[in-house]
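Student: What follows is a single structure, and I will ask about it in a moment.
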Amino acid sequence: MKGNTWIEGWFQKCEELEIKPWEWDFKQSYIKEPIPKDKSSIELILDYKSRKLTEIGICNVTKKTGRKADCDKEPFTIYQLLWRTDYEPESESQLYLDRYNLLRGETMNSFWTTFKNSVISSKNKNALYNEIGININPRKSLKDQCHLLISNEKFKEFKQIKDNIAAFEKFATATHCIGNFTVLPHWMNSGRRPFSEDYWDVTLQSFFDFFKPMGCWKDFVEIYFLQPYVNNDNEWTVSEFWEGHFLSIGKPKQLTPQNQKELSEYLHKVNFRIEERGKWIIKKVCEELKLQHFKFYNELKDMQIRFSNEMN
């Protein structure tokens with residue numbers, strides 16, 4: 001009941017601030033005042049990566065900030081509601097999924113991986129590095145120098161960022177929206193990056209190969225609302241973010257977009273799919289808790305979640 005109360009209170013705050021819940025940026029959990037509408041979403045996510053968000057913000061559940069801030073851990077009451085990650089079983093035969101705290105929130109698609117690759121792949125990188133003082137010493141990571149990228153919004157001047165600025169701004173917010181969150185076993189959460197570089201299509205392909213022989217692949221997709229990432233064909237095959245992406249599986253350094261076409265296609269697809277899944281999650285929450293009276297539900301009531309090949 002406590003979790004349900006939090007969800008309803010969050011919905012009320014969304015309506016008060018005129019933000020649709022599927023567009024709510026959970027970085028707001030670490031900022032006391034509403035995120036200014038003119039604030040660059042890229043600058044905000046770089047602040048987050050730099051651990052500068054140190055306030056107990058709106059709808060903060062974990063009461064953590066700064067170094068311990070972790071956006072995908074904040075909406076755990078939604079995970080509990082939809083995926084029963086923490087509940088008292090009615091009988092011993094029921095699976096108590098989180099008895100040993102093995103499941104945790106996870107961000108499906110990483111902003112930083114693609115953003116970083118776009119910075120270091122920009123043709124004007126060296127000139128900008130010299131101008132703003134970025135140290136290319138391998139012991140000093142780019143993430144540790146985010147403050148230099150933020151200064152005077154210099155991140156906007158890197159060519160690949162500049163050429164895709166609107167899509168990157170949208171992705172910087174969408175990364176920490178509910179549609180980009182799921183739950184995974186703790187070990188899997190920590191271990192998927194080395195082989196997938198946190199590209200969700202690659203992660204899903206590994207699930208497909210594992211679950212399909214057991215006959216539970218489609219159940220997995222339906223339970224976690226992953227239709228926007230798979231095709232509505234006989235096998236519900238995983239949709240690549242760009243053509244040939246899966247050919248780089250096993251070659252982590254090649255999993256990032258290799259040219260402007262791939263980057264543009266990825267940003268378009270990932271933003272679109274996060275929003276589609278986020279809307280469906282909010283719709284299911286509203287119906288589960290009988291909260292259809294909120295205004296934003298009018299946009300969702302007739303919605304059916306779409307598969308990847310049914311989307312642009």
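A note on labels: chains of the structure tokens are A, B, ... as shown, every chain counts residues from 1, and ligands are counted from 1 in their shown order.
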Using only C-alpha atoms, which residues sit within 10 Å of A:Ala167 once same-chain residues fewer than 6 positions away are excluded, as a list of chain:residue names?
Tutor: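 Using only C-alpha atoms, the neighbours found are A:Ile161, A:Leu263, A:Ser264, A:Tyr266, A:Leu267, A:His268, A:Val270, A:Asn271.
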Student: Generate a file of the selected residues that holds N, CA, C and O atoms, formatted as a PDB file, in the first residue's frame.
Tutor:
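Just written: part.pdb:
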ATOM      1  N   ILE A 161      28.185  15.534 -31.966  1.00  0.00           N
ATOM      2  CA  ILE A 161      27.138  15.987 -31.047  1.00  0.00           C
ATOM      3  C   ILE A 161      26.345  17.114 -31.707  1.00  0.00           C
ATOM      4  O   ILE A 161      25.096  17.106 -31.708  1.00  0.00           O
ATOM      5  N   LEU A 263      24.560   6.370 -36.316  1.00  0.00           N
ATOM      6  CA  LEU A 263      24.295   7.177 -35.133  1.00  0.00           C
ATOM      7  C   LEU A 263      22.900   7.789 -35.188  1.00  0.00           C
ATOM      8  O   LEU A 263      22.140   7.730 -34.211  1.00  0.00           O
ATOM      9  N   SER A 264      22.557   8.359 -36.324  1.00  0.00           N
ATOM     10  CA  SER A 264      21.243   8.974 -36.480  1.00  0.00           C
ATOM     11  C   SER A 264      20.126   7.949 -36.325  1.00  0.00           C
ATOM     12  O   SER A 264      19.110   8.193 -35.668  1.00  0.00           O
ATOM     13  N   TYR A 266      20.282   5.065 -34.713  1.00  0.00           N
ATOM     14  CA  TYR A 266      20.221   4.613 -33.320  1.00  0.00           C
ATOM     15  C   TYR A 266      19.470   5.606 -32.440  1.00  0.00           C
ATOM     16  O   TYR A 266      18.562   5.225 -31.684  1.00  0.00           O
ATOM     17  N   LEU A 267      19.836   6.867 -32.517  1.00  0.00           N
ATOM     18  CA  LEU A 267      19.205   7.868 -31.657  1.00  0.00           C
ATOM     19  C   LEU A 267      17.707   7.960 -31.916  1.00  0.00           C
ATOM     20  O   LEU A 267      16.909   8.077 -30.981  1.00  0.00           O
ATOM     21  N   HIS A 268      17.319   7.899 -33.176  1.00  0.00           N
ATOM     22  CA  HIS A 268      15.893   7.930 -33.499  1.00  0.00           C
ATOM     23  C   HIS A 268      15.175   6.719 -32.904  1.00  0.00           C
ATOM     24  O   HIS A 268      14.142   6.859 -32.233  1.00  0.00           O
ATOM     25  N   VAL A 270      16.105   4.548 -30.492  1.00  0.00           N
ATOM     26  CA  VAL A 270      16.131   4.376 -29.043  1.00  0.00           C
ATOM     27  C   VAL A 270      15.188   5.355 -28.360  1.00  0.00           C
ATOM     28  O   VAL A 270      14.466   4.993 -27.421  1.00  0.00           O
ATOM     29  N   ASN A 271      15.138   6.599 -28.830  1.00  0.00           N
ATOM     30  CA  ASN A 271      14.216   7.566 -28.231  1.00  0.00           C
ATOM     31  C   ASN A 271      12.769   7.144 -28.425  1.00  0.00           C
ATOM     32  O   ASN A 271      11.946   7.245 -27.507  1.00  0.00           O
TER      33      ASN A 271
END
Student: Could you write out, as a PyMOL selection string, all the residues of stretch 34-134 of chain A that DSSP marks as helix (DSSP H, G or I)?
Tutor: chain A and resi 41-49+66-68+71-73+76-83+111-121+125-132
Student: I'd like the neighbourhood of A:Ser206 as a count of residues only, where a residue qualifies if any of its atoms comes within 10 Å (using only C-alpha atoms), though same-chain residues fewer than 6 positions away should be ignored.
Tutor: 6
Student: Between A:Ile178, A:Tyr48, A:Thr77, A:Ser248, which one has atoms that come closest to A:Thr62, using only C-alpha atoms?
Tutor: A:Thr77
Student: List as a count of residues only the protein and nucleic acid residues near A:Phe168, meaning an atom at most 12 Å away when only C-alpha atoms are counted, but skip any in the same chain fewer than 6 places from it.
Tutor: 27
Student: Restricting the calculation to only C-alpha atoms, which member of A:Phe272, A:Phe11, A:Phe225, A:Trp217 is positioned closest to A:Lys295?
Tutor: A:Phe11
Student: Give the answer as one residue: which of A:Lys218, A:Lys52, A:Lys154, A:His176 has the shortest atom-to-atom distance to A:Gly105, using only C-alpha atoms?
Tutor: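 Using only C-alpha atoms, A:Gly105 sits closest to A:His176.
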Student: Between A:Leu300, A:Cys14, A:Leu44, A:Ile120, which one has atoms that come closest to A:Phe171, using only C-alpha atoms?
Tutor: A:Leu44
Student: Go ahead and compute the interatomic distance for atom CA of A:Leu46 and atom CA of A:Asn164, in Å to one decimal.
Tutor: 16.9 Å
Student: Could you give me, as a list in words, the residues within 12 Å of A:Leu128, counting only C-alpha atoms and dropping anything in the same chain fewer than 5 positions from it?
Tutor: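 So, after excluding close chain neighbours, the residues are Val119, Ile120, Ser122, Lys123, Gly133, Ile134, Asn135, Ile136, Leu148, Leu149, Ser151, Glu153, Lys154, Phe155, Lys156, Glu157, Phe158 and Lys159 of chain A.
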Student: Write a file of the selected residues as a PDB file, in the first residue's frame, keeping N, CA and C atoms.
Tutor:
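After the write, part.pdb holds the following:
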ATOM      1  N   VAL A 119      31.826  11.945 -28.994  1.00  0.00           N
ATOM      2  CA  VAL A 119      32.816  12.975 -28.672  1.00  0.00           C
ATOM      3  C   VAL A 119      34.184  12.582 -29.229  1.00  0.00           C
ATOM      4  N   ILE A 120      34.619  11.374 -28.927  1.00  0.00           N
ATOM      5  CA  ILE A 120      35.984  10.987 -29.306  1.00  0.00           C
ATOM      6  C   ILE A 120      36.101  10.684 -30.807  1.00  0.00           C
ATOM      7  N   SER A 122      34.556  12.643 -33.091  1.00  0.00           N
ATOM      8  CA  SER A 122      34.354  13.894 -33.820  1.00  0.00           C
ATOM      9  C   SER A 122      35.662  14.372 -34.445  1.00  0.00           C
ATOM     10  N   LYS A 123      35.582  14.856 -35.659  1.00  0.00           N
ATOM     11  CA  LYS A 123      36.780  15.277 -36.388  1.00  0.00           C
ATOM     12  C   LYS A 123      37.482  16.446 -35.717  1.00  0.00           C
ATOM     13  N   GLY A 133      41.082  21.907 -22.348  1.00  0.00           N
ATOM     14  CA  GLY A 133      41.999  21.317 -21.383  1.00  0.00           C
ATOM     15  C   GLY A 133      41.718  19.882 -21.005  1.00  0.00           C
ATOM     16  N   ILE A 134      41.090  19.122 -21.891  1.00  0.00           N
ATOM     17  CA  ILE A 134      40.849  17.711 -21.601  1.00  0.00           C
ATOM     18  C   ILE A 134      42.148  16.935 -21.731  1.00  0.00           C
ATOM     19  N   ASN A 135      42.438  16.143 -20.723  1.00  0.00           N
ATOM     20  CA  ASN A 135      43.667  15.353 -20.658  1.00  0.00           C
ATOM     21  C   ASN A 135      43.399  13.979 -21.261  1.00  0.00           C
ATOM     22  N   ILE A 136      44.147  13.598 -22.281  1.00  0.00           N
ATOM     23  CA  ILE A 136      43.918  12.309 -22.932  1.00  0.00           C
ATOM     24  C   ILE A 136      44.738  11.191 -22.290  1.00  0.00           C
ATOM     25  N   LEU A 148      34.645  19.824 -17.741  1.00  0.00           N
ATOM     26  CA  LEU A 148      35.246  20.583 -18.838  1.00  0.00           C
ATOM     27  C   LEU A 148      34.331  20.586 -20.063  1.00  0.00           C
ATOM     28  N   LEU A 149      33.612  19.492 -20.266  1.00  0.00           N
ATOM     29  CA  LEU A 149      32.643  19.441 -21.362  1.00  0.00           C
ATOM     30  C   LEU A 149      31.479  20.387 -21.091  1.00  0.00           C
ATOM     31  N   SER A 151      31.554  23.178 -19.240  1.00  0.00           N
ATOM     32  CA  SER A 151      31.966  24.582 -19.218  1.00  0.00           C
ATOM     33  C   SER A 151      31.621  25.271 -20.532  1.00  0.00           C
ATOM     34  N   GLU A 153      29.149  25.084 -22.177  1.00  0.00           N
ATOM     35  CA  GLU A 153      28.435  24.153 -23.059  1.00  0.00           C
ATOM     36  C   GLU A 153      29.296  23.717 -24.252  1.00  0.00           C
ATOM     37  N   LYS A 154      30.570  23.458 -23.970  1.00  0.00           N
ATOM     38  CA  LYS A 154      31.490  23.074 -25.035  1.00  0.00           C
ATOM     39  C   LYS A 154      31.125  21.731 -25.666  1.00  0.00           C
ATOM     40  N   PHE A 155      30.368  20.898 -24.937  1.00  0.00           N
ATOM     41  CA  PHE A 155      29.980  19.605 -25.503  1.00  0.00           C
ATOM     42  C   PHE A 155      29.207  19.780 -26.806  1.00  0.00           C
ATOM     43  N   LYS A 156      28.534  20.905 -26.971  1.00  0.00           N
ATOM     44  CA  LYS A 156      27.736  21.151 -28.168  1.00  0.00           C
ATOM     45  C   LYS A 156      28.589  21.393 -29.407  1.00  0.00           C
ATOM     46  N   GLU A 157      29.884  21.628 -29.214  1.00  0.00           N
ATOM     47  CA  GLU A 157      30.741  21.983 -30.349  1.00  0.00           C
ATOM     48  C   GLU A 157      31.424  20.781 -30.999  1.00  0.00           C
ATOM     49  N   PHE A 158      31.382  19.627 -30.341  1.00  0.00           N
ATOM     50  CA  PHE A 158      31.936  18.431 -30.972  1.00  0.00           C
ATOM     51  C   PHE A 158      31.044  18.063 -32.154  1.00  0.00           C
ATOM     52  N   LYS A 159      31.649  17.817 -33.300  1.00  0.00           N
ATOM     53  CA  LYS A 159      30.886  17.728 -34.539  1.00  0.00           C
ATOM     54  C   LYS A 159      29.756  16.703 -34.494  1.00  0.00           C
TER      55      LYS A 159
END
Student: Which residue gives the smallest distance to A:Leu82 among A:Glu235, A:Glu222, A:Glu276, A:Glu55, with only C-alpha atoms counted?
Tutor: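 Nearest to A:Leu82: A:Glu222.
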Student: So which residues of stretch 100-244 of chain A fall under strand (DSSP E) by DSSP, listed as a ChimeraX atom specification?
Tutor: /A:103-107,181-185
